[in-house]
Amino acid sequence: MFFHLRGYSQNPVINTVIKGRITDSATRQGLSGVSIQIKGITNGTTTDQKGEFKLLTAQELPLTLVVSYVGYQSKEVLASGDLINIQLAEAANQLTEVVAIGYGTQKRTDLTGSIASVPSVVKNQPVASAERLLQGSVSGVVVTQTSGQPGGGVSVQIRGSNSINASSDPLYVIDGFPVNNSYGVTNSGVAVGPNLNPLSTLNPSDIASIDVLKDASATAIYGSRGANGVVIITTKKGSRNKSSINYDGYYGIQKVIRTLPLLNAKEWWDLREDAATNSGTTVTLPTVSGYSLDTSGEGTDWQAAAFQTAPMQSHSISILTGSEKTSIAISGNYLQQEGVIINSGYKRLSSRVNIDHQYSANFRLNASIVATRATGDIAPNSIIQGLLFTPPSLPIYQDDGSFVVNSPFETVYANPINTLYNVTNESITNRLLGNISGEYTLLPGLKAKVLLGTDIIDNKENLYYPSTTYEGASTDGNATIGSKFTADWLNENTISYQGTLGRKGHIDAVAGFTAQQSKSKGYTANSYGFSFDELTYNDLGSATTAGTPSSSASEWALSSFLGRFNYIYDSKYLLTASLRADGSSKFGEGHKWGYFPSAAAGWNISKEDFFKNVKNINNLKLRFSLGSTGNQGIDPYQSLADLETYVYNFSSTTVVGYAPSSVTNKTLSWEKTFQLDGGLDISLFNDRIAITADYYSKKTTDLLLTGTVSGTSGLADLSNNQTSTTFQNIGAIINKGFDFSITTLNIDGAVTWKTMGIFSTNTNKVLSLTPGVTEYIPSSADPSIAAVGHPIGSFIVYKTDGLIQEGETPLTPSADVAVGAQQYKDIDGDGAITTADRIIIDNKLKFTAGLTNEISYKGFTLSAFFYASVGGKIYNQNEAQLELGTGYTNGSKVMLNRWTPTNTNTDVKRAYQNPAITLADRFIESATYYRLKNISLSYSFPESVLSGARIIKSLNVYISAQNPFTWTKYSGYDPEVSRNGQTLINKGVDNAVYPNTKSYQAGLTATF
């Protein structure tokens, strides 16, 4: 970094111009966005794309400049008029990195809480949504891509699963605004298929940093929304005094990771004949017209007909500019991602403006606004079922070239290819997220800040089944439209102070009041019976029959008081205390307010005098924290009694009446999570090795869980064995685990080799449920359960015991009791298989790990990122259906090894015409997988080459691959799967989920 300083002797004002350039110590290239601050006052600036800056101040020389940049060692530089040459070095341990914390920033070396940041090498990956950058890059975080649908859902858990019915995803704070990440805001209730991810509206290319707050000391400042962790996303800001135009784009292709091995037409027909014979019936072939059924050849490969090599592209342009007092960042992005299933895809068009203006020496203004339009063409839920289960004997097209409408066999499936090409199933979301803040320096070190913000989400969904499809044939076309409008506003008022206390003490404190409100309104309308299909959903009034419309409205509000106090003595002893009080409209009278305190301490042992002679240990810090956080992640009005409408007929007159559907729960209040954390930060060998390790234990009590209401409430119909439930504060869960991360600089010279690794464990257990209840099963059709003494999302199933052998007593809940049928374990020994014989199988993740290696040489950089998820289970519901062996639907290749009189040495049951699935342990598989998550090769052109081009300041080209190799024993499409998105009790169920993909990209980044 080169400084040039020029002083002007004007009385009484002294104007000093400070100019300089900041470079990377390894590459010698300029660093953009570096913060330069005059120590002790607010005056500062940032570098431009060349790493240059210019700063005008009224302060006298000499001055101390604080230079900080994410991922680099911060420096304090004395500017006295001399030419100073300083280069910033990457912090292997990142102890000096500035990270975002709640309502402020802090040096990592001063942290007492557990906060991790996404490395810069990971942020450069081409992904569609920001959460995917967390996988394998931050310890203690488990990320599951729940659907391969473009723009589809991502489930994130920080340090385990904290809740059963309430939200378990973290709070996301984007440029200071806590955003609503519930799938409900992008779902009008019309489109059928995977929910679209609200965070996919954020362009990852706009992100400057992602910081993850994990322990109570870090998250308690967010109170009622901090129990599941906090992810703080900061977007890129502009540069002062310099201007640049930046382009970041790529083009790629995607493929399904694998397809499932299914029977061809002849194999399926043999199965169908076998099932009919074993069931004592005659095999039949339905009579069809306009096409023929294949029973002797290959037939239709439905997967091959639906899956495609899908293109994707992204283009981002940003303009960074500014003057002495103002920096501006303007960006735009276009993303187009076609799905690997034909006629599915996602498009996003977004723009962002960030403005930072130093209005005066004491007053600073900031504004951030982003507008996004996202459109998803969604593959309906029935598509994967149709591809897997439709018999291969059925052709796609009739003899005249039109589509076959549906399967003529006992289990009817719509022609999935017809559905994909002709059904309209779209979701369109317009989002406006913005805030403006003003910060005024009242006294040296004392600042007051006011922030106003809004998050407006307008979702519209359109669904049309034309009369030429099975879904719309019976109604002559069926159209449904829906809308969901959600508007949040936020007001934050804070006052902060940074100063000294005594000769060696430093204080950093913040206090404030915040208020946030959210309002939602929605409607749906439906009509059917159209004369023609060309207008699809655009003219509901032309239909012969109007369906029943619906509308809804809801709102909630949150008021909060907060405070945090940090004290540092002699850079050795660190203390942090915080308190937040939250009042939520979602809870009962007298129980709306919750109080969430935390405390933490840190000891920088390496700063002690007795440690000075210790060799090879540069930094050593111990941390300990404890505190309480909360969770209010339920829908509004759960503490109130609901009325439900009922339609009656009196004397041929239709009337509408109301009856209670739930009872008032005036005591409904917060879920509470108490967490302990002990941590160690250490860097070795001149910061070439950095290690962070944490052990945590957190207990969640007063779960927001649906519990049974007493029959005396009048809501239960005991004669029909029907009960009523309502939200109550019952039950407890505990999570314990270990987080570990390591960063090493293996080679530092002409060749640079860096390694980053993370390792995490978590043990989750349900401690209690409703009094007198030890099991909570959300649906008898699913294997999922929450049971005392077991992890959330475990499975309750029947235990198989081989096949029924000659002379054995059949033990099975199935109708097939002959030799070769499935045999089950009689757990309670009563001689029959009943629900009492089910067993619980824990769904427990042993550990997750990530390893990234980055090697650089003369502008070339090779990066490889491996990820491992070890342990855990998946209930393969697809395979359970494919092994039914009825002949009504297609089957797995496994059925070629089914029991027959000539093939008795097998564990695959015989074919039989019984369409009922038994939830059995046979279909629980290991979820363990090892994956090459990303590999990329890039080249940065040196400045000497680009200098001739003049307009190009920097140019980097790259090729990369996402998920190119996966090693797993799971027999389904992909082990990273969960049918139920953000619902954790049903995690690990693979039932007709849109498959995940592997992709290959080529791209470039350029600065002009």
# chains A, B, ... in the order shown; residues from 1 in each chain; ligands from 1
call {"tool": "closest_atom_pairs", "arguments": {"of": "stretch 628-743 of chain A", "to": "stretch 600-623 of chain A", "cutoff": "12 Å", "atoms": "only C-alpha atoms", "output": "tab-separated table"}}
result
residue	atom	partner	partner_atom	distance
A:Gln675	CA	A:Ala600	CA	11.4
A:Leu676	CA	A:Ala600	CA	9.7
A:Asp677	CA	A:Arg623	CA	7.9
A:Gly678	CA	A:Arg623	CA	5.7
A:Gly679	CA	A:Arg623	CA	4.8
A:Leu680	CA	A:Leu622	CA	4.8
A:Asp681	CA	A:Lys621	CA	5.1
A:Ile682	CA	A:Leu620	CA	4.4
A:Ser683	CA	A:Asn619	CA	5.1
A:Leu684	CA	A:Ile617	CA	4.5
A:Phe685	CA	A:Asn616	CA	4.5
A:Asn686	CA	A:Asn618	CA	6.0
A:Asp687	CA	A:Asn618	CA	6.4
A:Arg688	CA	A:Asn618	CA	9.6
A:Ile689	CA	A:Ile617	CA	9.5
A:Ala690	CA	A:Asn619	CA	8.8
A:Ile691	CA	A:Leu620	CA	9.6
A:Thr692	CA	A:Lys621	CA	9.5
A:Ala693	CA	A:Leu622	CA	9.8
A:Asp694	CA	A:Arg623	CA	8.8
A:Tyr695	CA	A:Arg623	CA	10.5
A:Tyr696	CA	A:Arg623	CA	11.6
call {"tool": "residues_around", "arguments": {"residues": "A:Ile733", "least_positions_apart": "6", "cutoff": "12 Å", "atoms": "only C-alpha atoms", "output": "ChimeraX atom specification"}}
result
/A:160-164,671-675,697-705,763-769,786-792
call {"tool": "atom_distance", "arguments": {"atom1": "atom CA of A:Gly590", "atom2": "atom CA of A:Ser559"}}
result
14.7 Å
call {"tool": "select_by_dssp", "arguments": {"residues": "stretch 632-691 of chain A", "states": "strand (DSSP E)", "output": "ChimeraX atom specification"}}
result
/A:643-650,653-660,671-684,689-691
call {"tool": "closest_atom_pairs", "arguments": {"of": "stretch 724-791 of chain A", "to": "stretch 146-158 of chain A", "cutoff": "12 Å", "atoms": "only C-alpha atoms", "output": "JSON lines"}}
result
{"residue": "A:Asn735", "atom": "CA", "partner": "A:Ile158", "partner_atom": "CA", "distance": 10.5}
{"residue": "A:Lys736", "atom": "CA", "partner": "A:Ile158", "partner_atom": "CA", "distance": 11.7}
{"residue": "A:Gly737", "atom": "CA", "partner": "A:Ile158", "partner_atom": "CA", "distance": 10.9}
{"residue": "A:Phe738", "atom": "CA", "partner": "A:Ile158", "partner_atom": "CA", "distance": 11.9}
{"residue": "A:Asp739", "atom": "CA", "partner": "A:Ile158", "partner_atom": "CA", "distance": 10.7}
{"residue": "A:Ser760", "atom": "CA", "partner": "A:Ile158", "partner_atom": "CA", "distance": 10.5}
{"residue": "A:Thr761", "atom": "CA", "partner": "A:Ile158", "partner_atom": "CA", "distance": 11.2}
{"residue": "A:Asn762", "atom": "CA", "partner": "A:Ile158", "partner_atom": "CA", "distance": 9.9}
{"residue": "A:Asn764", "atom": "CA", "partner": "A:Gln157", "partner_atom": "CA", "distance": 11.9}
call {"tool": "write_last_selection", "arguments": {"atoms": "N, CA, C and O atoms", "output": "tab-separated table (two decimals), in the first residue's frame"}}
result
chain	number	residue	atom	x	y	z
A	735	ASN	N	-29.72	-30.79	22.08
A	735	ASN	CA	-28.72	-30.95	21.04
A	735	ASN	C	-27.34	-30.75	21.65
A	735	ASN	O	-27.11	-29.78	22.39
A	736	LYS	N	-26.44	-31.67	21.36
A	736	LYS	CA	-25.06	-31.54	21.79
A	736	LYS	C	-24.17	-31.83	20.59
A	736	LYS	O	-24.50	-32.66	19.75
A	737	GLY	N	-23.02	-31.14	20.54
A	737	GLY	CA	-22.17	-31.39	19.40
A	737	GLY	C	-20.83	-30.70	19.47
A	737	GLY	O	-20.52	-29.97	20.42
A	738	PHE	N	-20.06	-30.93	18.42
A	738	PHE	CA	-18.69	-30.43	18.33
A	738	PHE	C	-18.49	-29.83	16.95
A	738	PHE	O	-18.83	-30.46	15.93
A	739	ASP	N	-17.98	-28.59	16.91
A	739	ASP	CA	-17.65	-27.91	15.66
A	739	ASP	C	-16.14	-27.73	15.58
A	739	ASP	O	-15.50	-27.33	16.56
A	760	SER	N	-18.07	-31.53	11.85
A	760	SER	CA	-19.14	-31.23	12.81
A	760	SER	C	-19.87	-32.50	13.22
A	760	SER	O	-20.09	-33.40	12.40
A	761	THR	N	-20.22	-32.55	14.49
A	761	THR	CA	-21.08	-33.62	14.99
A	761	THR	C	-22.27	-33.00	15.71
A	761	THR	O	-22.20	-31.86	16.19
A	762	ASN	N	-23.35	-33.75	15.77
A	762	ASN	CA	-24.52	-33.30	16.52
A	762	ASN	C	-25.31	-34.51	16.99
A	762	ASN	O	-25.55	-35.45	16.22
A	764	ASN	N	-28.92	-35.31	18.65
A	764	ASN	CA	-30.23	-34.73	18.89
A	764	ASN	C	-31.12	-35.77	19.58
A	764	ASN	O	-31.12	-36.94	19.20
call {"tool": "closest_residue", "arguments": {"among": "A:Phe759, A:Tyr172, A:Trp899, A:Tyr291", "to": "A:Gln135", "atoms": "only C-alpha atoms"}}
result
A:Phe759
call {"tool": "closest_residue", "arguments": {"among": "A:Ser936, A:Thr886, A:Ser239, A:Thr45", "to": "A:Asp270", "atoms": "only C-alpha atoms"}}
result
A:Thr886
call {"tool": "residues_around", "arguments": {"residues": "stretch 31-37 of chain A", "least_positions_apart": "3", "cutoff": "7 Å", "atoms": "only C-alpha atoms", "output": "ChimeraX atom specification"}}
result
/A:22-24,43-51,65-69,239
call {"tool": "residues_around", "arguments": {"residues": "A:Ser551", "least_positions_apart": "4", "cutoff": "12 Å", "atoms": "only C-alpha atoms", "output": "list in words"}}
result
Ser188, Gly189, Ile481, Gly482, Ser483, Lys484, Phe485, Ser520, Lys521, Gly522, Tyr523, Thr524 and Ala525 of chain A
call {"tool": "write_last_selection", "arguments": {"atoms": "N, CA, C and O atoms", "output": "mmCIF file, in the first residue's frame"}}
result
data_model
loop_
_atom_site.group_PDB
_atom_site.id
_atom_site.type_symbol
_atom_site.label_atom_id
_atom_site.label_comp_id
_atom_site.auth_asym_id
_atom_site.auth_seq_id
_atom_site.Cartn_x
_atom_site.Cartn_y
_atom_site.Cartn_z
ATOM 1 N N SER A 188 -48.920 -19.254 -3.135
ATOM 2 C CA SER A 188 -50.314 -18.802 -3.061
ATOM 3 C C SER A 188 -51.282 -19.945 -2.830
ATOM 4 O O SER A 188 -52.488 -19.718 -2.722
ATOM 5 N N GLY A 189 -50.777 -21.175 -2.796
ATOM 6 C CA GLY A 189 -51.645 -22.325 -2.578
ATOM 7 C C GLY A 189 -52.261 -22.882 -3.832
ATOM 8 O O GLY A 189 -53.217 -23.654 -3.761
ATOM 9 N N ILE A 481 -56.268 -19.698 -10.296
ATOM 10 C CA ILE A 481 -55.289 -18.633 -10.097
ATOM 11 C C ILE A 481 -55.265 -18.265 -8.623
ATOM 12 O O ILE A 481 -56.237 -18.477 -7.894
ATOM 13 N N GLY A 482 -54.139 -17.735 -8.174
ATOM 14 C CA GLY A 482 -54.023 -17.346 -6.777
ATOM 15 C C GLY A 482 -53.018 -16.230 -6.600
ATOM 16 O O GLY A 482 -52.154 -15.992 -7.457
ATOM 17 N N SER A 483 -53.143 -15.541 -5.490
ATOM 18 C CA SER A 483 -52.243 -14.439 -5.188
ATOM 19 C C SER A 483 -51.967 -14.410 -3.693
ATOM 20 O O SER A 483 -52.859 -14.694 -2.885
ATOM 21 N N LYS A 484 -50.722 -14.093 -3.332
ATOM 22 C CA LYS A 484 -50.333 -13.924 -1.931
ATOM 23 C C LYS A 484 -49.464 -12.671 -1.854
ATOM 24 O O LYS A 484 -48.406 -12.594 -2.475
ATOM 25 N N PHE A 485 -49.940 -11.673 -1.108
ATOM 26 C CA PHE A 485 -49.221 -10.416 -0.975
ATOM 27 C C PHE A 485 -48.795 -10.253 0.474
ATOM 28 O O PHE A 485 -49.634 -10.272 1.382
ATOM 29 N N SER A 520 -50.239 -10.113 5.512
ATOM 30 C CA SER A 520 -50.400 -10.947 4.321
ATOM 31 C C SER A 520 -51.870 -11.014 3.927
ATOM 32 O O SER A 520 -52.757 -11.069 4.797
ATOM 33 N N LYS A 521 -52.108 -11.013 2.631
ATOM 34 C CA LYS A 521 -53.448 -11.223 2.087
ATOM 35 C C LYS A 521 -53.342 -12.152 0.889
ATOM 36 O O LYS A 521 -52.378 -12.084 0.125
ATOM 37 N N GLY A 522 -54.332 -13.008 0.736
ATOM 38 C CA GLY A 522 -54.304 -13.937 -0.376
ATOM 39 C C GLY A 522 -55.694 -14.295 -0.858
ATOM 40 O O GLY A 522 -56.691 -14.100 -0.148
ATOM 41 N N TYR A 523 -55.744 -14.825 -2.082
ATOM 42 C CA TYR A 523 -57.003 -15.311 -2.632
ATOM 43 C C TYR A 523 -56.717 -16.384 -3.659
ATOM 44 O O TYR A 523 -55.621 -16.468 -4.210
ATOM 45 N N THR A 524 -57.721 -17.213 -3.925
ATOM 46 C CA THR A 524 -57.679 -18.168 -5.035
ATOM 47 C C THR A 524 -59.041 -18.165 -5.717
ATOM 48 O O THR A 524 -60.072 -17.895 -5.081
ATOM 49 N N ALA A 525 -59.045 -18.448 -7.006
ATOM 50 C CA ALA A 525 -60.282 -18.553 -7.779
ATOM 51 C C ALA A 525 -60.132 -19.695 -8.776
ATOM 52 O O ALA A 525 -59.032 -19.932 -9.291
#
call {"tool": "residues_around", "arguments": {"residues": "A:Pro444", "least_positions_apart": "5", "cutoff": "12 Å", "atoms": "only C-alpha atoms", "output": "PyMOL selection string"}}
result
chain A and resi 39-43+361-362+496-500
call {"tool": "atom_distance", "arguments": {"atom1": "atom CA of A:Asn853", "atom2": "atom CA of A:Phe866"}}
result
8.9 Å
call {"tool": "atom_distance", "arguments": {"atom1": "atom CA of A:Lys54", "atom2": "atom CA of A:Lys19"}}
result
4.4 Å
call {"tool": "select_by_dssp", "arguments": {"residues": "stretch 460-606 of chain A", "states": "alpha helix (DSSP H)", "output": "PyMOL selection string"}}
result
chain A and resi 470-473
call {"tool": "closest_residue", "arguments": {"among": "A:Gln728, A:Ser960, A:Ser598, A:Ser393", "to": "A:Ile634", "atoms": "only C-alpha atoms"}}
result
A:Gln728
call {"tool": "residues_around", "arguments": {"residues": "A:Gly249", "least_positions_apart": "6", "cutoff": "12 Å", "atoms": "only C-alpha atoms", "output": "ChimeraX atom specification"}}
result
/A:124-127,204-205,312-318,332-336,955-959,1001-1006
call {"tool": "closest_atom_pairs", "arguments": {"of": "stretch 311-382 of chain A", "to": "stretch 405-424 of chain A", "cutoff": "9 Å", "atoms": "only C-alpha atoms", "output": "Markdown table"}}
result
| residue | atom | partner | partner_atom | distance |
| --- | --- | --- | --- | --- |
| A:Ile341 | CA | A:Leu420 | CA | 8.4 |
| A:Ile342 | CA | A:Leu420 | CA | 6.7 |
| A:Asn343 | CA | A:Leu420 | CA | 6.1 |
| A:Ser344 | CA | A:Leu420 | CA | 7.9 |
| A:Asp377 | CA | A:Thr424 | CA | 7.9 |
| A:Ile378 | CA | A:Thr424 | CA | 8.6 |
| A:Ala379 | CA | A:Leu420 | CA | 7.0 |
| A:Pro380 | CA | A:Leu420 | CA | 8.1 |
| A:Ser382 | CA | A:Pro416 | CA | 7.8 |
call {"tool": "residues_around", "arguments": {"residues": "A:Asp206", "least_positions_apart": "5", "cutoff": "8 Å", "atoms": "only C-alpha atoms", "output": "ChimeraX atom specification"}}
result
/A:235-236,331
call {"tool": "write_last_selection", "arguments": {"atoms": "N, CA, C and O atoms", "output": "JSON list (two decimals), in the first residue's frame"}}
result
[["chain", "number", "residue", "atom", "x", "y", "z"],
["A", 235, "THR", "N", -24.20, -7.21, 1.41],
["A", 235, "THR", "CA", -24.00, -7.08, -0.03],
["A", 235, "THR", "C", -22.89, -6.06, -0.34],
["A", 235, "THR", "O", -22.46, -5.31, 0.52],
["A", 236, "LYS", "N", -22.46, -6.07, -1.58],
["A", 236, "LYS", "CA", -21.33, -5.25, -2.00],
["A", 236, "LYS", "C", -21.69, -3.77, -2.01],
["A", 236, "LYS", "O", -22.80, -3.39, -2.38],
["A", 331, "SER", "N", -26.24, -2.75, -9.49],
["A", 331, "SER", "CA", -26.03, -4.05, -10.13],
["A", 331, "SER", "C", -27.33, -4.59, -10.71],
["A", 331, "SER", "O", -28.42, -4.23, -10.26]]
call {"tool": "decode", "arguments": {"residues": "stretch 172-199 of chain A", "atoms": "N, CA and C atoms", "output": "compact mmCIF listing (two decimals), in the first residue's frame"}}
result
# COMPACT_ATOMS: atom_id res chain seq x y z
N TYR A 172 -32.41 -15.04 8.67
CA TYR A 172 -31.54 -14.43 7.68
C TYR A 172 -31.68 -12.91 7.78
N VAL A 173 -30.55 -12.25 7.90
CA VAL A 173 -30.52 -10.78 7.98
C VAL A 173 -29.73 -10.28 6.79
N ILE A 174 -30.41 -9.57 5.89
CA ILE A 174 -29.78 -9.07 4.67
C ILE A 174 -29.64 -7.56 4.77
N ASP A 175 -28.40 -7.11 4.84
CA ASP A 175 -28.10 -5.67 4.97
C ASP A 175 -28.90 -5.05 6.11
N GLY A 176 -28.98 -5.77 7.22
CA GLY A 176 -29.63 -5.25 8.41
C GLY A 176 -31.10 -5.55 8.53
N PHE A 177 -31.70 -6.16 7.51
CA PHE A 177 -33.15 -6.43 7.53
C PHE A 177 -33.39 -7.91 7.78
N PRO A 178 -34.05 -8.28 8.90
CA PRO A 178 -34.42 -9.69 9.12
C PRO A 178 -35.55 -10.09 8.18
N VAL A 179 -35.25 -10.94 7.19
CA VAL A 179 -36.21 -11.24 6.14
C VAL A 179 -37.04 -12.47 6.49
N ASN A 180 -38.17 -12.56 5.85
CA ASN A 180 -39.09 -13.69 6.02
C ASN A 180 -38.68 -14.79 5.04
N ASN A 181 -38.21 -15.92 5.57
CA ASN A 181 -37.76 -17.02 4.71
C ASN A 181 -38.73 -18.19 4.69
N SER A 182 -39.94 -17.98 5.18
CA SER A 182 -40.94 -19.04 5.14
C SER A 182 -41.38 -19.30 3.71
N TYR A 183 -41.49 -20.59 3.35
CA TYR A 183 -41.95 -20.93 2.00
C TYR A 183 -43.35 -20.38 1.72
N GLY A 184 -44.10 -20.07 2.78
CA GLY A 184 -45.46 -19.60 2.59
C GLY A 184 -45.55 -18.28 1.87
N VAL A 185 -44.50 -17.45 1.92
CA VAL A 185 -44.58 -16.13 1.28
C VAL A 185 -44.45 -16.23 -0.23
N THR A 186 -43.95 -17.35 -0.74
CA THR A 186 -43.86 -17.53 -2.19
C THR A 186 -44.77 -18.67 -2.64
N ASN A 187 -45.85 -18.85 -1.93
CA ASN A 187 -46.79 -19.93 -2.24
C ASN A 187 -48.21 -19.44 -2.03
N SER A 188 -48.92 -19.25 -3.13
CA SER A 188 -50.31 -18.80 -3.06
C SER A 188 -51.28 -19.94 -2.83
N GLY A 189 -50.78 -21.17 -2.80
CA GLY A 189 -51.65 -22.32 -2.58
C GLY A 189 -52.26 -22.88 -3.83
N VAL A 190 -51.73 -22.52 -5.01
CA VAL A 190 -52.30 -22.96 -6.28
C VAL A 190 -51.37 -23.93 -7.00
N ALA A 191 -50.12 -23.53 -7.19
CA ALA A 191 -49.17 -24.38 -7.91
C ALA A 191 -48.95 -25.68 -7.15
N VAL A 192 -48.84 -26.78 -7.90
CA VAL A 192 -48.63 -28.09 -7.30
C VAL A 192 -47.21 -28.54 -7.61
N GLY A 193 -46.46 -28.86 -6.57
CA GLY A 193 -45.08 -29.26 -6.77
C GLY A 193 -44.20 -28.66 -5.69
N PRO A 194 -42.89 -28.74 -5.87
CA PRO A 194 -41.96 -28.22 -4.87
C PRO A 194 -42.14 -26.72 -4.65
N ASN A 195 -42.06 -26.29 -3.39
CA ASN A 195 -42.12 -24.87 -3.09
C ASN A 195 -40.84 -24.19 -3.57
N LEU A 196 -40.98 -22.95 -4.04
CA LEU A 196 -39.82 -22.18 -4.44
C LEU A 196 -39.22 -21.48 -3.22
N ASN A 197 -37.93 -21.30 -3.26
CA ASN A 197 -37.16 -20.78 -2.14
C ASN A 197 -37.20 -19.26 -2.13
N PRO A 198 -37.70 -18.63 -1.05
CA PRO A 198 -37.73 -17.16 -1.03
C PRO A 198 -36.35 -16.52 -1.17
N LEU A 199 -35.29 -17.18 -0.65
CA LEU A 199 -33.96 -16.60 -0.73
C LEU A 199 -33.34 -16.73 -2.12
